[in-house]
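A.B. asks: The structure's right below; bear with me while I get my questions together.
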Amino acid sequence: MTATAWEVDAGQGLVDTGIFTDPELYQRELDQIFRQTWLYVGHDSQIPEPGDYLTNYLAETEVIVIRGKDQRVRVLRNQCAHRGNKVCLFDRGNARAFSCTFHGWRYDDAGQLVGVPFLSEGYHGEVDFAGWGLQRAPRVESYGGFIFASWDPDIVGLDSYLGDLRWYLDRLLVQEFLGGVEVVGGRQRYTMPTNWKLLAENFQGDDYHVQITHASYLRVLAEESQGLRGKVNLNDRLQVAVGYPDGIAHGLGALKVGAEPKDATRELQIAEQLGPEAVEWIRERDRRVREFQRDDPVKLHLCSNINVFPNFSVVSGPNAIFGTGLLQWHPRGPMVTDVWQWAMVDRAAPEVVKRTALRELVGAQAAAGMLAPDDSENFERSSDNLAARRSSERPFHYAMAIDRDDDPGLRARLAAEGVDVDALPGLIGPYVWEVNQRQFYRYWAELLS
Amino acid sequence: MTASLREEVELFLIHEAELLDTLQFHDWYALLADDLHYVIPAAESVQGTNRRFDETGRDAAPRFHLMDETKATMWLRIRQLDTGMRHVEVPASSTDRLITNVTARELLDRAVEAKSKFLVVQIRHGVHESMFTGRRTDRLRRTEDGFQLVSRRVEFTQTVLSRALSIFF
Ligand code: FES
Ligand SMILES: [Fe+2]
């Protein structure tokens, strides 16, 4: 089968299962998806000082994300220009230079080649230092501290790439009005025998699975709600398709909006169990949220899941004392994905709030949480079947309400509650909705064609 | 370290592992102290140090761990298994927890510090095999009913785990 023959008919909601298994298509994705998009690589708070770096991956390619002496963040391929050895062996650190352990070529914090052993004896002084630095991602930009890189020198700016998503990121992720956020130490890493797209589309818009896949979690919360976690009501949640119908497709799910800002009563109850510092912070936080949202025509309360196309996802909790997870779906072959997860908290929060928030996240959507392993299980089972795939196999079904992307009834209902829902950027839909997944595959197919 | 203390501790650790391998989660839960702190830090290699793990004590900086549990959060996990809808454990994984290299020393206040190494084999659906190895540092408390687990710190040898975690260590 030629690579272009894969059927992704987003208009019919049908997706050929070969896109989750085919090795040739996977190679094309590496070139046409992962080299033509902006990929998340880290957060400013992780590399605050000159020389601070962390290593990460742009798809399969290992990179060093380093803040230079000039404060500029660069993304350097972790591959010696001479003959390909790695020049950095750590997950994070602080370095002024990287020396290769093979023949000793040496690179500065901007990736420039600055040293070559036996320069005069071996090379007679003739080395093109400017031309043989570490390969650099040509584009590195950040949005509110979230650093992205792209191999495509001509890609649109990150601001345009994120588009309408920025309105949501400002309120949910960047949160400058709160004094910003902090990605704390510790990265979770585990492998799943699954194609990366099944994970990305799950965060892009599969809220349909929550009440079934996570039934055990929801039941435990309902039954044991005397703790910090409360009963979850999902019926009043929404989804948003950013870039609908023909732009760069990002998705948000399980949003809650209102005519008034979110009520902080529950947060205050939790904070009271944590002490006066926590109470004071929640009061102050609530004040700042209200002030920031004063001119918002519609107030954003919550959003559980986001996917930034292609493979950077976010999970947030139901309240302000719940850490936010940053997830990267690193492709490792057509049927293998390495899941990396980081955690983020409000930078100005007192330590007791940070600690509790992190613990809540660890217990929920995280490597050993009460949510994520059940997702892994479903994907593992699907992938067992995908491994036995035959080319004649019928496609996967993403055809829920296929002719009704827009939901005027929903908007009328919200309008009746006094919510100016048309003021929300993107296409708004109900909680159980497959538009976001169809949009994911629509944009994915566009990039591949 | 006296041989008898070591043996006593080892029997406790073997008993505990057996309860988990045989899915007797409530009996296992009964061994946890009210002030339990159970933590599995995530491994990271940091330039300039040979430590793969950061401090996890109550005074350490807030960090994102693999598990970071109190008795209350362990209870939620046990209750989740009770629902029969914790899909990742339906049917339950086959596991064998091999506990070895046990050492023990007396601390003040009837407490004992126990160190051990483990090899845990987990198999799902008969075909998906995972292996976890590592070391644990436990604090045990003597009670009239025997030892209770007060704190446990688990350090995996693996940096990239072979699957999401749905079992206890
Ligand atoms: S491979 Fe790095 S110096 Fe030769
Ligand atoms: Fe899920």
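Chain identifiers are assigned as A, B, and so on, following the order in which chains appear in the structure tokens; residues are numbered from 1 within each chain, and ligands are numbered from 1 in order of appearance.
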Do me a favour and pick out the residues of chain B within 6 Å of chain A, using only C-alpha atoms, as number ranges by chain.
C.D. replies: B: 42, 45-47, 62-64, 68, 80, 83, 85-88, 160-165
A.B. asks: Let's have the selection written as a PDB file, in the first residue's frame, with N, CA, C and O atoms.
C.D. replies:
```pdb
ATOM      1  N   ALA B  42      11.083   9.740  41.363  1.00  0.00           N
ATOM      2  CA  ALA B  42      11.415   9.489  39.957  1.00  0.00           C
ATOM      3  C   ALA B  42      12.916   9.686  39.781  1.00  0.00           C
ATOM      4  O   ALA B  42      13.480  10.636  40.303  1.00  0.00           O
ATOM      5  N   SER B  45      19.161  11.801  36.195  1.00  0.00           N
ATOM      6  CA  SER B  45      20.610  11.914  36.290  1.00  0.00           C
ATOM      7  C   SER B  45      20.976  13.391  36.193  1.00  0.00           C
ATOM      8  O   SER B  45      20.560  14.078  35.266  1.00  0.00           O
ATOM      9  N   VAL B  46      21.701  13.841  37.188  1.00  0.00           N
ATOM     10  CA  VAL B  46      22.023  15.261  37.285  1.00  0.00           C
ATOM     11  C   VAL B  46      23.528  15.426  37.174  1.00  0.00           C
ATOM     12  O   VAL B  46      24.282  14.730  37.859  1.00  0.00           O
ATOM     13  N   GLN B  47      23.960  16.330  36.301  1.00  0.00           N
ATOM     14  CA  GLN B  47      25.397  16.535  36.096  1.00  0.00           C
ATOM     15  C   GLN B  47      26.065  16.929  37.414  1.00  0.00           C
ATOM     16  O   GLN B  47      25.543  17.743  38.166  1.00  0.00           O
ATOM     17  N   PRO B  62       9.484  20.507  47.486  1.00  0.00           N
ATOM     18  CA  PRO B  62       8.378  19.803  46.816  1.00  0.00           C
ATOM     19  C   PRO B  62       8.814  19.305  45.445  1.00  0.00           C
ATOM     20  O   PRO B  62       9.386  20.055  44.657  1.00  0.00           O
ATOM     21  N   ARG B  63       8.569  18.041  45.201  1.00  0.00           N
ATOM     22  CA  ARG B  63       8.955  17.438  43.930  1.00  0.00           C
ATOM     23  C   ARG B  63       7.844  16.517  43.447  1.00  0.00           C
ATOM     24  O   ARG B  63       6.952  16.151  44.199  1.00  0.00           O
ATOM     25  N   PHE B  64       7.980  16.138  42.192  1.00  0.00           N
ATOM     26  CA  PHE B  64       6.991  15.273  41.561  1.00  0.00           C
ATOM     27  C   PHE B  64       7.522  13.844  41.600  1.00  0.00           C
ATOM     28  O   PHE B  64       8.520  13.540  40.949  1.00  0.00           O
ATOM     29  N   ASP B  68       3.506   9.115  46.200  1.00  0.00           N
ATOM     30  CA  ASP B  68       3.745   9.982  47.351  1.00  0.00           C
ATOM     31  C   ASP B  68       2.492   9.875  48.217  1.00  0.00           C
ATOM     32  O   ASP B  68       1.571  10.666  48.098  1.00  0.00           O
ATOM     33  N   GLN B  80     -10.296   1.610  45.326  1.00  0.00           N
ATOM     34  CA  GLN B  80     -10.416   1.577  43.871  1.00  0.00           C
ATOM     35  C   GLN B  80     -10.324   0.137  43.361  1.00  0.00           C
ATOM     36  O   GLN B  80     -11.082  -0.274  42.482  1.00  0.00           O
ATOM     37  N   THR B  83     -13.557  -1.794  43.726  1.00  0.00           N
ATOM     38  CA  THR B  83     -14.693  -1.548  42.828  1.00  0.00           C
ATOM     39  C   THR B  83     -14.809  -2.614  41.744  1.00  0.00           C
ATOM     40  O   THR B  83     -15.862  -2.760  41.143  1.00  0.00           O
ATOM     41  N   MET B  85     -13.535  -2.255  39.005  1.00  0.00           N
ATOM     42  CA  MET B  85     -13.501  -1.520  37.737  1.00  0.00           C
ATOM     43  C   MET B  85     -12.165  -0.810  37.535  1.00  0.00           C
ATOM     44  O   MET B  85     -12.061   0.088  36.715  1.00  0.00           O
ATOM     45  N   ARG B  86     -11.188  -1.185  38.354  1.00  0.00           N
ATOM     46  CA  ARG B  86      -9.834  -0.681  38.142  1.00  0.00           C
ATOM     47  C   ARG B  86      -9.296  -1.521  36.980  1.00  0.00           C
ATOM     48  O   ARG B  86      -8.663  -2.575  37.184  1.00  0.00           O
ATOM     49  N   HIS B  87      -9.561  -1.067  35.763  1.00  0.00           N
ATOM     50  CA  HIS B  87      -9.369  -1.922  34.591  1.00  0.00           C
ATOM     51  C   HIS B  87      -7.956  -2.484  34.488  1.00  0.00           C
ATOM     52  O   HIS B  87      -7.767  -3.597  34.026  1.00  0.00           O
ATOM     53  N   VAL B  88      -6.980  -1.688  34.909  1.00  0.00           N
ATOM     54  CA  VAL B  88      -5.593  -2.114  34.751  1.00  0.00           C
ATOM     55  C   VAL B  88      -5.254  -3.289  35.681  1.00  0.00           C
ATOM     56  O   VAL B  88      -4.224  -3.928  35.523  1.00  0.00           O
ATOM     57  N   VAL B 160      13.331   4.488  32.888  1.00  0.00           N
ATOM     58  CA  VAL B 160      12.096   4.484  32.094  1.00  0.00           C
ATOM     59  C   VAL B 160      11.364   3.188  32.454  1.00  0.00           C
ATOM     60  O   VAL B 160      11.815   2.094  32.110  1.00  0.00           O
ATOM     61  N   LEU B 161      10.272   3.316  33.164  1.00  0.00           N
ATOM     62  CA  LEU B 161       9.556   2.126  33.622  1.00  0.00           C
ATOM     63  C   LEU B 161       8.890   1.447  32.439  1.00  0.00           C
ATOM     64  O   LEU B 161       8.463   2.096  31.487  1.00  0.00           O
ATOM     65  N   SER B 162       8.785   0.117  32.529  1.00  0.00           N
ATOM     66  CA  SER B 162       8.269  -0.612  31.368  1.00  0.00           C
ATOM     67  C   SER B 162       6.755  -0.554  31.262  1.00  0.00           C
ATOM     68  O   SER B 162       6.199  -0.994  30.275  1.00  0.00           O
ATOM     69  N   ARG B 163       6.099   0.005  32.258  1.00  0.00           N
ATOM     70  CA  ARG B 163       4.656   0.243  32.137  1.00  0.00           C
ATOM     71  C   ARG B 163       4.205   1.207  33.235  1.00  0.00           C
ATOM     72  O   ARG B 163       4.951   1.467  34.176  1.00  0.00           O
ATOM     73  N   ALA B 164       2.987   1.726  33.084  1.00  0.00           N
ATOM     74  CA  ALA B 164       2.409   2.541  34.149  1.00  0.00           C
ATOM     75  C   ALA B 164       2.227   1.647  35.380  1.00  0.00           C
ATOM     76  O   ALA B 164       2.002   0.442  35.257  1.00  0.00           O
ATOM     77  N   LEU B 165       2.298   2.220  36.563  1.00  0.00           N
ATOM     78  CA  LEU B 165       2.320   1.403  37.780  1.00  0.00           C
ATOM     79  C   LEU B 165       0.912   1.168  38.318  1.00  0.00           C
ATOM     80  O   LEU B 165       0.183   2.109  38.608  1.00  0.00           O
TER      81      LEU B 165
END
```
A.B. asks: Restrict the calculation to only C-alpha atoms and all ligand atoms, then for each residue of chain A with any atom at most 7 Å from an atom of ligand 1 give the closest atom pair and their distance in Å to one decimal, rows by chain and rising residue number, as JSON lines.
C.D. replies:
```
{"residue": "A:Cys80", "atom": "CA", "partner": "ligand 1", "partner_atom_place_in_ligand_line": "2 (Fe)", "distance": 4.6}
{"residue": "A:Ala81", "atom": "CA", "partner": "ligand 1", "partner_atom_place_in_ligand_line": "2 (Fe)", "distance": 6.6}
{"residue": "A:His82", "atom": "CA", "partner": "ligand 1", "partner_atom_place_in_ligand_line": "4 (Fe)", "distance": 4.7}
{"residue": "A:Arg83", "atom": "CA", "partner": "ligand 1", "partner_atom_place_in_ligand_line": "1 (S)", "distance": 3.8}
{"residue": "A:Gly84", "atom": "CA", "partner": "ligand 1", "partner_atom_place_in_ligand_line": "1 (S)", "distance": 5.1}
{"residue": "A:Asn85", "atom": "CA", "partner": "ligand 1", "partner_atom_place_in_ligand_line": "1 (S)", "distance": 4.7}
{"residue": "A:Cys100", "atom": "CA", "partner": "ligand 1", "partner_atom_place_in_ligand_line": "2 (Fe)", "distance": 4.6}
{"residue": "A:Thr101", "atom": "CA", "partner": "ligand 1", "partner_atom_place_in_ligand_line": "2 (Fe)", "distance": 6.4}
{"residue": "A:Phe102", "atom": "CA", "partner": "ligand 1", "partner_atom_place_in_ligand_line": "4 (Fe)", "distance": 4.8}
{"residue": "A:His103", "atom": "CA", "partner": "ligand 1", "partner_atom_place_in_ligand_line": "3 (S)", "distance": 3.6}
{"residue": "A:Gly104", "atom": "CA", "partner": "ligand 1", "partner_atom_place_in_ligand_line": "3 (S)", "distance": 4.5}
{"residue": "A:Trp105", "atom": "CA", "partner": "ligand 1", "partner_atom_place_in_ligand_line": "3 (S)", "distance": 4.3}
```
A.B. asks: Now that the selection is made, can you save its residues with N, CA and C atoms as a CSV table (one decimal), in the first residue's frame?
C.D. replies:
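See again_22.csv below for the written result:
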```
chain,number,residue,atom,x,y,z
A,80,CYS,N,27.5,15.0,18.5
A,80,CYS,CA,28.8,15.7,18.1
A,80,CYS,C,28.8,15.8,16.6
A,81,ALA,N,29.2,17.0,16.1
A,81,ALA,CA,29.3,17.2,14.7
A,81,ALA,C,30.4,16.3,14.0
A,82,HIS,N,31.4,15.9,14.8
A,82,HIS,CA,32.5,15.2,14.2
A,82,HIS,C,32.0,13.8,13.7
A,83,ARG,N,31.6,12.9,14.7
A,83,ARG,CA,31.1,11.6,14.2
A,83,ARG,C,30.0,11.1,15.1
A,84,GLY,N,29.2,12.0,15.6
A,84,GLY,CA,27.9,11.6,16.1
A,84,GLY,C,27.8,11.2,17.6
A,85,ASN,N,28.8,11.2,18.3
A,85,ASN,CA,28.7,10.8,19.7
A,85,ASN,C,27.8,11.8,20.5
A,100,CYS,N,33.1,16.4,23.8
A,100,CYS,CA,32.8,15.0,23.3
A,100,CYS,C,33.8,14.1,23.9
A,101,THR,N,33.4,12.9,24.3
A,101,THR,CA,34.3,12.0,24.9
A,101,THR,C,35.0,11.1,23.9
A,102,PHE,N,34.7,11.3,22.6
A,102,PHE,CA,35.3,10.4,21.6
A,102,PHE,C,36.7,11.0,21.2
A,103,HIS,N,36.7,12.2,20.5
A,103,HIS,CA,37.9,12.8,20.1
A,103,HIS,C,38.1,14.2,20.7
A,104,GLY,N,37.1,14.6,21.5
A,104,GLY,CA,37.3,15.8,22.3
A,104,GLY,C,36.9,17.1,21.7
A,105,TRP,N,36.1,17.1,20.6
A,105,TRP,CA,35.6,18.4,20.1
A,105,TRP,C,34.8,19.0,21.2
```
A.B. asks: So which residues touch Glu60 in chain A within 9 Å, counting only C-alpha atoms, skipping near sequence neighbours fewer than 5 positions away, as a ChimeraX atom specification?
C.D. replies: /A:30,330-333
A.B. asks: For those residues, write N, CA, C and O atoms to a file as a short mmCIF file (atom, residue, chain, number, x, y, z; two decimals), in the first residue's frame.
C.D. replies:
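Dumped to again-v9.cif:
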```cif
data_model
loop_
_atom_site.label_atom_id
_atom_site.label_comp_id
_atom_site.auth_asym_id
_atom_site.auth_seq_id
_atom_site.Cartn_x
_atom_site.Cartn_y
_atom_site.Cartn_z
N LEU A 30 7.66 11.30 11.19
CA LEU A 30 8.84 11.91 11.80
C LEU A 30 9.27 13.14 10.97
O LEU A 30 9.68 14.15 11.53
N HIS A 330 6.34 10.88 23.52
CA HIS A 330 7.51 10.77 22.65
C HIS A 330 7.38 9.52 21.79
O HIS A 330 7.40 8.40 22.31
N PRO A 331 7.30 9.67 20.47
CA PRO A 331 7.18 8.49 19.61
C PRO A 331 8.47 7.69 19.62
O PRO A 331 9.57 8.26 19.57
N ARG A 332 8.33 6.36 19.68
CA ARG A 332 9.51 5.49 19.70
C ARG A 332 9.35 4.35 18.71
O ARG A 332 9.87 3.27 18.91
N GLY A 333 8.58 4.60 17.67
CA GLY A 333 8.26 3.55 16.71
C GLY A 333 6.76 3.56 16.52
O GLY A 333 6.05 4.19 17.29
#
```
A.B. asks: Which residue out of A:Ile248, A:Val127, A:Ala445, A:Ala254 has the minimum interatomic distance to ligand 2 when only C-alpha atoms and all ligand atoms are used?
C.D. replies: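 When distances to ligand 2 are compared using only C-alpha atoms and all ligand atoms, the smallest one comes from A:Ala254.
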A.B. asks: Please run DSSP on the backbone and report, as a PyMOL selection string, all residues within chain B that come out as strand (DSSP E).
C.D. replies: chain B and resi 32-40+67-69+94-106+111-124+128-143+146-156
A.B. asks: Which polymer residues have any atom within 10 Å of an atom of range 389-391 of chain A, counting only C-alpha atoms, with same-chain residues fewer than 5 positions away left out, as a list in words?
C.D. replies: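 Final neighbour list, sorted by chain and number: Met1, Asp16, Thr17, Gly18, Phe20, Thr21, Ser383 and Asp384 of chain A.
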A.B. asks: Could you dump the residues just selected with all heavy atoms as a short mmCIF file (atom, residue, chain, number, x, y, z; two decimals), in the first residue's frame?
C.D. replies:
```cif
data_model
loop_
_atom_site.label_atom_id
_atom_site.label_comp_id
_atom_site.auth_asym_id
_atom_site.auth_seq_id
_atom_site.Cartn_x
_atom_site.Cartn_y
_atom_site.Cartn_z
N MET A 1 0.84 -1.20 0.00
CA MET A 1 0.00 0.00 0.00
C MET A 1 0.88 1.25 0.00
O MET A 1 1.83 1.35 0.77
CB MET A 1 -0.88 0.00 1.26
CG MET A 1 -1.93 1.08 1.26
SD MET A 1 -2.99 1.00 2.72
CE MET A 1 -4.05 -0.38 2.33
N ASP A 16 -8.40 4.82 9.08
CA ASP A 16 -7.76 3.55 8.78
C ASP A 16 -6.82 3.17 9.93
O ASP A 16 -5.98 3.96 10.35
CB ASP A 16 -6.95 3.72 7.48
CG ASP A 16 -6.43 2.40 6.94
OD1 ASP A 16 -5.92 1.58 7.72
OD2 ASP A 16 -6.50 2.23 5.72
N THR A 17 -6.95 1.95 10.41
CA THR A 17 -6.15 1.55 11.57
C THR A 17 -4.67 1.40 11.24
O THR A 17 -3.83 1.36 12.14
CB THR A 17 -6.66 0.24 12.17
OG1 THR A 17 -6.65 -0.75 11.14
CG2 THR A 17 -8.07 0.40 12.70
N GLY A 18 -4.34 1.36 9.96
CA GLY A 18 -2.93 1.26 9.57
C GLY A 18 -2.11 2.45 10.02
O GLY A 18 -0.89 2.35 10.17
N PHE A 20 -1.87 3.53 12.81
CA PHE A 20 -1.35 3.26 14.15
C PHE A 20 -0.28 2.17 14.15
O PHE A 20 0.23 1.80 15.21
CB PHE A 20 -2.48 2.85 15.09
CG PHE A 20 -3.61 3.86 15.14
CD1 PHE A 20 -4.89 3.52 14.74
CD2 PHE A 20 -3.37 5.16 15.59
CE1 PHE A 20 -5.92 4.45 14.78
CE2 PHE A 20 -4.39 6.09 15.62
CZ PHE A 20 -5.67 5.75 15.21
N THR A 21 -0.02 1.60 12.96
CA THR A 21 0.88 0.44 12.94
C THR A 21 1.97 0.51 11.87
O THR A 21 2.98 -0.16 11.99
CB THR A 21 0.08 -0.87 12.66
OG1 THR A 21 -0.54 -0.74 11.37
CG2 THR A 21 -0.99 -1.11 13.71
N SER A 383 -3.93 -2.16 21.23
CA SER A 383 -2.70 -2.37 20.45
C SER A 383 -2.43 -3.84 20.21
O SER A 383 -1.87 -4.21 19.18
CB SER A 383 -1.52 -1.71 21.16
OG SER A 383 -1.72 -0.31 21.20
N ASP A 384 -2.82 -4.69 21.16
CA ASP A 384 -2.71 -6.13 20.92
C ASP A 384 -3.49 -6.48 19.66
O ASP A 384 -3.03 -7.27 18.82
CB ASP A 384 -3.29 -6.93 22.10
CG ASP A 384 -2.34 -7.00 23.28
OD1 ASP A 384 -1.19 -6.53 23.14
OD2 ASP A 384 -2.75 -7.51 24.34
#
```
A.B. asks: Can you pull out the residues contacting Glu446 in chain A? Cut-off 12 Å, using only C-alpha atoms, and skip same-chain residues under 5 positions away; I want them as a ChimeraX atom specification.
C.D. replies: /A:4,8-10,29,32-33,36,246-249,439-441
A.B. asks: For the selection you just gave me, I'd like the residues written to a file as a PDB file, in the first residue's frame, keeping N, CA, C and O atoms.
C.D. replies:
```
ATOM      1  N   THR A   4       0.272   7.229   0.675  1.00  0.00           N
ATOM      2  CA  THR A   4      -0.811   8.202   0.544  1.00  0.00           C
ATOM      3  C   THR A   4      -2.180   7.544   0.551  1.00  0.00           C
ATOM      4  O   THR A   4      -3.187   8.213   0.597  1.00  0.00           O
ATOM      5  N   VAL A   8      -7.849   8.584   5.874  1.00  0.00           N
ATOM      6  CA  VAL A   8      -8.301   9.316   7.046  1.00  0.00           C
ATOM      7  C   VAL A   8      -9.377  10.242   6.533  1.00  0.00           C
ATOM      8  O   VAL A   8      -9.113  11.261   5.924  1.00  0.00           O
ATOM      9  N   ASP A   9     -10.609   9.830   6.697  1.00  0.00           N
ATOM     10  CA  ASP A   9     -11.711  10.628   6.218  1.00  0.00           C
ATOM     11  C   ASP A   9     -12.371  11.291   7.422  1.00  0.00           C
ATOM     12  O   ASP A   9     -13.332  10.781   7.995  1.00  0.00           O
ATOM     13  N   ALA A  10     -11.773  12.430   7.801  1.00  0.00           N
ATOM     14  CA  ALA A  10     -12.278  13.107   8.995  1.00  0.00           C
ATOM     15  C   ALA A  10     -13.735  13.522   8.790  1.00  0.00           C
ATOM     16  O   ALA A  10     -14.518  13.534   9.725  1.00  0.00           O
ATOM     17  N   GLU A  29       5.768  10.450   9.327  1.00  0.00           N
ATOM     18  CA  GLU A  29       5.352  11.323  10.439  1.00  0.00           C
ATOM     19  C   GLU A  29       6.553  12.036  11.044  1.00  0.00           C
ATOM     20  O   GLU A  29       6.486  13.214  11.383  1.00  0.00           O
ATOM     21  N   GLN A  32       7.254  14.763   8.465  1.00  0.00           N
ATOM     22  CA  GLN A  32       6.210  15.714   8.066  1.00  0.00           C
ATOM     23  C   GLN A  32       5.334  16.191   9.212  1.00  0.00           C
ATOM     24  O   GLN A  32       4.701  17.223   9.100  1.00  0.00           O
ATOM     25  N   ILE A  33       5.253  15.435  10.268  1.00  0.00           N
ATOM     26  CA  ILE A  33       4.519  15.928  11.441  1.00  0.00           C
ATOM     27  C   ILE A  33       5.515  16.554  12.416  1.00  0.00           C
ATOM     28  O   ILE A  33       5.403  17.722  12.774  1.00  0.00           O
ATOM     29  N   GLN A  36       7.521  19.681  11.215  1.00  0.00           N
ATOM     30  CA  GLN A  36       6.785  20.833  10.667  1.00  0.00           C
ATOM     31  C   GLN A  36       5.826  21.425  11.676  1.00  0.00           C
ATOM     32  O   GLN A  36       4.848  22.070  11.318  1.00  0.00           O
ATOM     33  N   ASP A 246     -10.498  24.634   9.698  1.00  0.00           N
ATOM     34  CA  ASP A 246      -9.420  24.364   8.744  1.00  0.00           C
ATOM     35  C   ASP A 246      -8.067  24.902   9.192  1.00  0.00           C
ATOM     36  O   ASP A 246      -7.161  25.071   8.387  1.00  0.00           O
ATOM     37  N   GLY A 247      -7.931  25.208  10.474  1.00  0.00           N
ATOM     38  CA  GLY A 247      -6.660  25.733  10.968  1.00  0.00           C
ATOM     39  C   GLY A 247      -5.843  24.665  11.680  1.00  0.00           C
ATOM     40  O   GLY A 247      -6.065  23.469  11.517  1.00  0.00           O
ATOM     41  N   ILE A 248      -4.884  25.110  12.463  1.00  0.00           N
ATOM     42  CA  ILE A 248      -4.049  24.191  13.245  1.00  0.00           C
ATOM     43  C   ILE A 248      -4.893  23.697  14.419  1.00  0.00           C
ATOM     44  O   ILE A 248      -5.387  24.488  15.219  1.00  0.00           O
ATOM     45  N   ALA A 249      -5.061  22.384  14.502  1.00  0.00           N
ATOM     46  CA  ALA A 249      -6.054  21.821  15.416  1.00  0.00           C
ATOM     47  C   ALA A 249      -5.469  21.526  16.794  1.00  0.00           C
ATOM     48  O   ALA A 249      -4.640  20.636  16.952  1.00  0.00           O
ATOM     49  N   GLN A 439     -10.868  16.620  14.185  1.00  0.00           N
ATOM     50  CA  GLN A 439     -10.018  17.747  13.792  1.00  0.00           C
ATOM     51  C   GLN A 439      -8.541  17.383  13.893  1.00  0.00           C
ATOM     52  O   GLN A 439      -7.724  17.802  13.081  1.00  0.00           O
ATOM     53  N   PHE A 440      -8.209  16.614  14.912  1.00  0.00           N
ATOM     54  CA  PHE A 440      -6.824  16.148  15.064  1.00  0.00           C
ATOM     55  C   PHE A 440      -6.390  15.398  13.808  1.00  0.00           C
ATOM     56  O   PHE A 440      -5.334  15.667  13.229  1.00  0.00           O
ATOM     57  N   TYR A 441      -7.226  14.446  13.369  1.00  0.00           N
ATOM     58  CA  TYR A 441      -6.850  13.649  12.192  1.00  0.00           C
ATOM     59  C   TYR A 441      -6.976  14.447  10.896  1.00  0.00           C
ATOM     60  O   TYR A 441      -6.243  14.197   9.941  1.00  0.00           O
TER      61      TYR A 441
END
```
A.B. asks: I'd like the neighbourhood of Thr56 in chain B as a PyMOL selection string, where a residue qualifies if any of its atoms comes within 12 Å (using only C-alpha atoms), though same-chain residues fewer than 3 positions away should be ignored.
C.D. replies: (chain A and resi 185-186+355) or (chain B and resi 37-43+53+59-69+137+151-155)
